[in-house]
>>> print(open('work29.cif').read())   # mmCIF, C-alpha atoms
data_run
loop_
_atom_site.label_atom_id
_atom_site.label_comp_id
_atom_site.auth_asym_id
_atom_site.auth_seq_id
_atom_site.Cartn_x
_atom_site.Cartn_y
_atom_site.Cartn_z
CA MET A 763 -95.66 -48.20 -47.03
CA VAL A 764 -93.58 -50.88 -46.22
CA MET A 765 -92.01 -51.02 -42.97
CA ALA A 766 -88.70 -52.42 -42.61
CA SER A 767 -88.01 -54.55 -39.75
CA ASN A 768 -85.84 -53.07 -37.08
CA LYS A 769 -84.62 -56.35 -35.81
CA ASN A 770 -81.52 -56.62 -37.78
CA ARG A 771 -80.78 -53.04 -37.59
CA TYR A 772 -78.47 -53.13 -34.55
CA LYS A 773 -77.20 -56.61 -34.83
CA THR A 774 -73.79 -57.12 -36.14
CA GLN A 775 -71.99 -60.18 -36.99
CA GLY A 776 -68.40 -60.54 -36.01
CA ASN A 777 -66.02 -58.04 -34.56
CA VAL A 778 -66.24 -54.48 -35.79
CA ALA A 779 -63.17 -53.28 -33.94
CA TYR A 780 -60.26 -52.34 -36.02
CA LYS A 781 -57.78 -54.98 -36.42
CA VAL A 782 -54.46 -53.75 -35.16
CA GLU A 783 -51.71 -54.79 -37.37
CA ILE A 784 -48.58 -55.39 -35.44
CA LYS A 785 -45.63 -54.42 -37.44
CA GLU A 786 -42.45 -55.85 -36.28
CA LYS A 787 -39.76 -53.30 -36.19
CA LYS A 788 -36.64 -54.49 -37.72
CA LYS A 789 -33.71 -54.06 -35.50
CA VAL A 790 -31.60 -51.51 -37.17
CA LYS A 791 -28.02 -51.46 -36.20
CA LYS A 792 -26.95 -47.96 -35.48
CA VAL A 793 -24.21 -46.99 -37.76
CA GLU A 794 -21.42 -45.75 -35.60
CA LYS A 795 -20.02 -42.53 -36.85
CA PRO A 796 -16.34 -42.70 -37.22
CA LYS A 797 -14.38 -41.27 -34.34
CA LYS A 798 -12.45 -39.22 -36.83
CA ASN A 799 -15.34 -36.80 -37.07
CA LYS A 800 -15.36 -36.43 -33.31
CA ASN A 801 -11.59 -36.01 -33.35
CA LYS A 802 -11.88 -33.42 -36.12
CA ASN A 803 -14.30 -31.40 -34.03
CA LEU A 804 -11.99 -31.69 -31.06
CA LYS A 805 -8.99 -30.65 -33.15
CA THR A 806 -10.80 -27.61 -34.54
CA LYS A 807 -11.91 -26.62 -31.06
CA LEU A 808 -8.33 -26.96 -29.84
CA LYS A 809 -7.05 -24.87 -32.75
CA VAL A 810 -9.58 -22.14 -31.99
CA LEU A 811 -8.72 -22.30 -28.30
CA ARG A 812 -4.98 -22.07 -29.06
CA PHE A 813 -5.59 -19.08 -31.32
CA ILE A 814 -7.64 -17.36 -28.62
CA VAL A 815 -4.98 -18.04 -25.98
CA PHE A 816 -2.24 -16.83 -28.35
CA MET A 817 -4.13 -13.62 -29.13
CA PHE A 818 -4.80 -13.08 -25.42
CA GLY A 819 -1.11 -13.53 -24.63
CA LEU A 820 -0.11 -11.23 -27.48
CA SER A 821 -2.53 -8.56 -26.32
CA LEU A 822 -1.24 -8.85 -22.73
CA PHE A 823 2.34 -8.56 -23.97
CA THR A 824 1.51 -5.51 -26.09
CA LEU A 825 -0.41 -3.92 -23.25
CA SER A 826 2.44 -4.51 -20.81
CA ARG A 827 4.87 -2.87 -23.25
CA PHE A 828 2.58 0.17 -23.53
CA VAL A 829 2.40 0.39 -19.73
CA LEU A 830 6.20 0.18 -19.54
CA ILE A 831 6.58 2.94 -22.14
CA TYR A 832 4.05 5.09 -20.30
CA ASN A 833 5.88 4.66 -16.99
CA MET A 834 9.23 5.47 -18.62
CA ASN A 835 7.73 8.62 -20.15
CA ASN A 836 6.47 9.67 -16.71
CA GLU A 837 9.92 9.11 -15.21
CA LEU A 838 11.52 11.05 -18.05
CA ARG A 839 9.10 13.94 -17.54
CA GLU A 840 9.87 13.98 -13.79
CA LEU A 841 13.63 13.89 -14.43
CA LYS A 842 13.37 16.75 -16.94
CA SER A 843 11.48 18.85 -14.41
CA GLN A 844 14.11 18.05 -11.76
CA VAL A 845 16.92 18.97 -14.18
CA ALA A 846 15.18 22.26 -14.98
CA GLN A 847 14.80 23.00 -11.27
CA VAL A 848 18.48 22.20 -10.57
CA GLN A 849 19.58 24.36 -13.50
CA LYS A 850 17.50 27.25 -12.18
CA GLU A 851 19.06 26.78 -8.73
CA ASN A 852 22.52 26.65 -10.30
CA GLU A 853 21.92 29.91 -12.16
CA ASN A 854 20.71 31.57 -8.96
CA LEU A 855 23.81 30.34 -7.12
CA GLN A 856 26.09 31.59 -9.90
CA VAL A 857 24.44 35.02 -9.76
CA SER A 858 24.82 35.18 -5.98
CA LEU A 859 28.45 33.99 -6.29
CA ALA A 860 29.18 36.65 -8.88
CA ILE A 861 27.71 39.29 -6.58
CA LYS A 862 29.70 38.08 -3.57
CA ASN A 863 32.88 37.47 -5.57
CA ASN A 864 33.23 41.15 -6.50
CA ILE A 865 36.77 42.19 -5.41
CA LYS A 866 35.77 45.76 -4.58
CA LYS A 867 32.99 44.53 -2.29
CA ILE A 868 35.35 42.09 -0.56
CA GLU A 869 37.96 44.81 -0.08
CA GLY A 870 35.36 47.23 1.29
CA GLU A 871 34.05 44.62 3.74
CA ALA A 872 37.58 43.77 4.90
CA VAL A 873 38.32 47.42 5.60
CA LYS A 874 35.01 48.07 7.40
CA LYS A 875 34.51 44.83 9.37
CA TYR A 876 38.05 43.73 10.11
CA ASN A 877 39.85 47.11 10.05
CA MET A 878 42.28 45.92 7.41
CA VAL A 879 44.44 48.30 5.39
CA ASN A 880 46.05 48.01 1.96
CA PRO A 881 49.77 47.15 2.17
CA LYS A 882 52.33 49.67 1.01
CA ALA A 883 54.72 48.80 -1.81
CA GLU A 884 57.71 48.54 0.58
CA GLU A 885 55.90 46.08 2.83
CA VAL A 886 55.17 43.57 0.08
CA LYS A 887 57.61 40.63 -0.20
CA TYR A 888 57.47 38.00 -2.91
CA VAL A 889 58.55 34.44 -2.13
CA ASP A 890 59.48 31.83 -4.74
CA VAL A 891 57.71 28.58 -3.87
CA LYS A 892 58.60 25.34 -5.64
CA MET A 893 56.00 22.72 -6.25
CA LEU A 894 56.52 19.67 -4.07
CA SER A 895 56.14 17.10 -6.80
CA SER A 896 57.27 18.40 -10.12
CA ALA A 897 58.14 16.28 -13.14
CA GLU A 898 61.74 17.59 -13.31
CA ASP A 899 62.50 16.44 -9.77
CA LYS A 900 61.26 12.97 -10.58
CA LYS A 901 63.51 12.79 -13.63
CA VAL A 902 66.55 13.88 -11.61
CA THR A 903 65.91 11.38 -8.83
CA ALA A 904 65.37 8.57 -11.32
CA TYR A 905 68.66 9.47 -13.05
CA LYS A 906 70.50 9.57 -9.73
CA LEU A 907 69.10 6.17 -8.74
CA PHE A 908 70.21 4.74 -12.07
CA GLN A 909 73.74 6.14 -11.60
CA LYS A 910 73.94 4.68 -8.09
CA PHE A 911 72.81 1.31 -9.38
CA VAL A 912 75.38 1.36 -12.22
CA GLY A 913 78.08 2.50 -9.79
CA PHE A 914 77.18 -0.29 -7.39
CA ILE A 915 77.53 -2.89 -10.13
CA HIS A 916 81.03 -1.65 -11.21
#
>>> encode(input="work29.cif", output="C-alpha cells")
Amino acid sequence: MVMASNKNRYKTQGNVAYKVEIKEKKKVKKVEKPKKNKNKNLKTKLKVLRFIVFMFGLSLFTLSRFVLIYNMNNELRELKSQVAQVQKENENLQVSLAIKNNIKKIEGEAVKKYNMVNPKAEEVKYVDVKMLSSAEDKKVTAYKLFQKFVGFIH
C-alpha cells in the first residue's frame, strides 16, 4: 500500500475566500409621476365627497319635511278633537236652551215665582214705534237739504 503523504493535504496556495464582486449601482433617476395623476385622484375624491355631502343634505331635507308633515298631522288631529268637543258642547247648550226657552215653562215660572198674571184683552195697548234710522227718512232729509241749497242759490 502506498501511503500518500499528508503534508500537502492541508496546505493551500492563495486565498480561498470568495471574491466579492462589487457591482456599482447605476444611479437611476426616479421618474416623477405626473402631478395630473395625483390631481385626478384628488378630483375623484372631491367628487365623491361632494356627492356624499349632497346626499346627506338631501336626506336631511327630506327628513325635515317628514317631521314637518308629522307635526302638522298631530296639530290637525288635535284641532279635530277640539272641534268635536266644541260641537258636542254646542249641541248640549242648544238642548238646554230649547228646554229653557219653552214658553209654557217660562209662563208657569213667572206666575209661580213672581206672582204675575196674564193681561186681559182690555188692558192691552198697542203702540206704533218708528225706527230711528229708516231709509225713507234719509231720503226725505237729503231732498230737503237739496231744496234748501237750490233755494239759497236763487
>>> atom_distance(input="work29.cif", atom1="CA of Val873 (chain A)", atom2="CA of Asn854 (chain A)")
27.8 Å
>>> atom_distance(input="work29.cif", atom1="CA of Lys875 (chain A)", atom2="CA of Glu853 (chain A)")
29.1 Å
>>> atom_distance(input="work29.cif", atom1="CA of Pro881 (chain A)", atom2="CA of Lys866 (chain A)")
15.6 Å
